[in-house]
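Each remark here refers to the structure printed beneath this line.
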Amino acid sequence: MDKVKQWSQATQQKLGLTFSSIQAIQKFCKNNVEKCKHVVRLILNARNAVAKQNQIAKSNLTQFESNLNIKHGLAKQLEHIFSYALNLPKSNYAGYVTNALKTYFTQAFGLETTQTVKPKIHQVKFNNGQKHIHEELPEWAKDDYVYVPDKHVDLKKQAKLKAMLADL
């Protein structure tokens, strides 16, 4: 039996990862067993970090076999994450995969994902303590403004426009 098949069976038995999840890992790692093991460690680290952070480590909720969200959704999520990770430099993919999986596991465990955003407050001085600025309105905005038509109007165009308005 070749190494990849041996690895996939052992991983499936020991961790309870679904066959489709293992296939996604193999495809991403191009059947390199060492890379596959590394990706599985990333998955476990992400799951364990979320579980510890929320004090649910070693519960049925965090197990690959017993959590149906993970059982049915992990393979699809891995394919999605890997599709983006392929475009990243080799040095960046581990961090990206881990962070993306942390987000996924938080949702798969049914934990609250909304974060409270607190605004940063700082003192603002308006006008920097200077005197108030008084702004004059333009002539056309004042109450006593009288419209005076422009002297350079094409009278033929004006007549056409008046006729069009009259027809409406």
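Each chain in the structure tokens gets a letter, A, B, ..., in the order shown, and its residues are numbered from 1; ligands are numbered from 1 in order too.
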
request  = Would you mind listing what lies within 12 Å of Ile25 in chain A as JSON, numbers by chain, with only C-alpha atoms counted and same-chain residues fewer than 3 positions away left out?
outcome  = {"A": [4, 7, 8, 11, 12, 17, 18, 19, 20, 21, 22, 28, 29, 30, 31, 32, 33, 34, 35, 36, 37, 38, 39, 40, 41, 42, 43, 74, 75, 76, 77, 78, 79, 80, 81, 82, 83, 97]}

ask   = Can you tell me, as a ChimeraX atom specification, what residues are no more than 12 Å from range 55-61 of chain A when counting only C-alpha atoms, ignoring any on the same chain fewer than 2 positions away?
value = /A:44-53,63-71,105-111

ask   = Rounded to one decimal in Å, what is the spacing between CA of Gln23 in chain A and CA of Lys5 in chain A?
value =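 Between CA of Gln23 in chain A and CA of Lys5 in chain A the gap works out to 10.5 Å.
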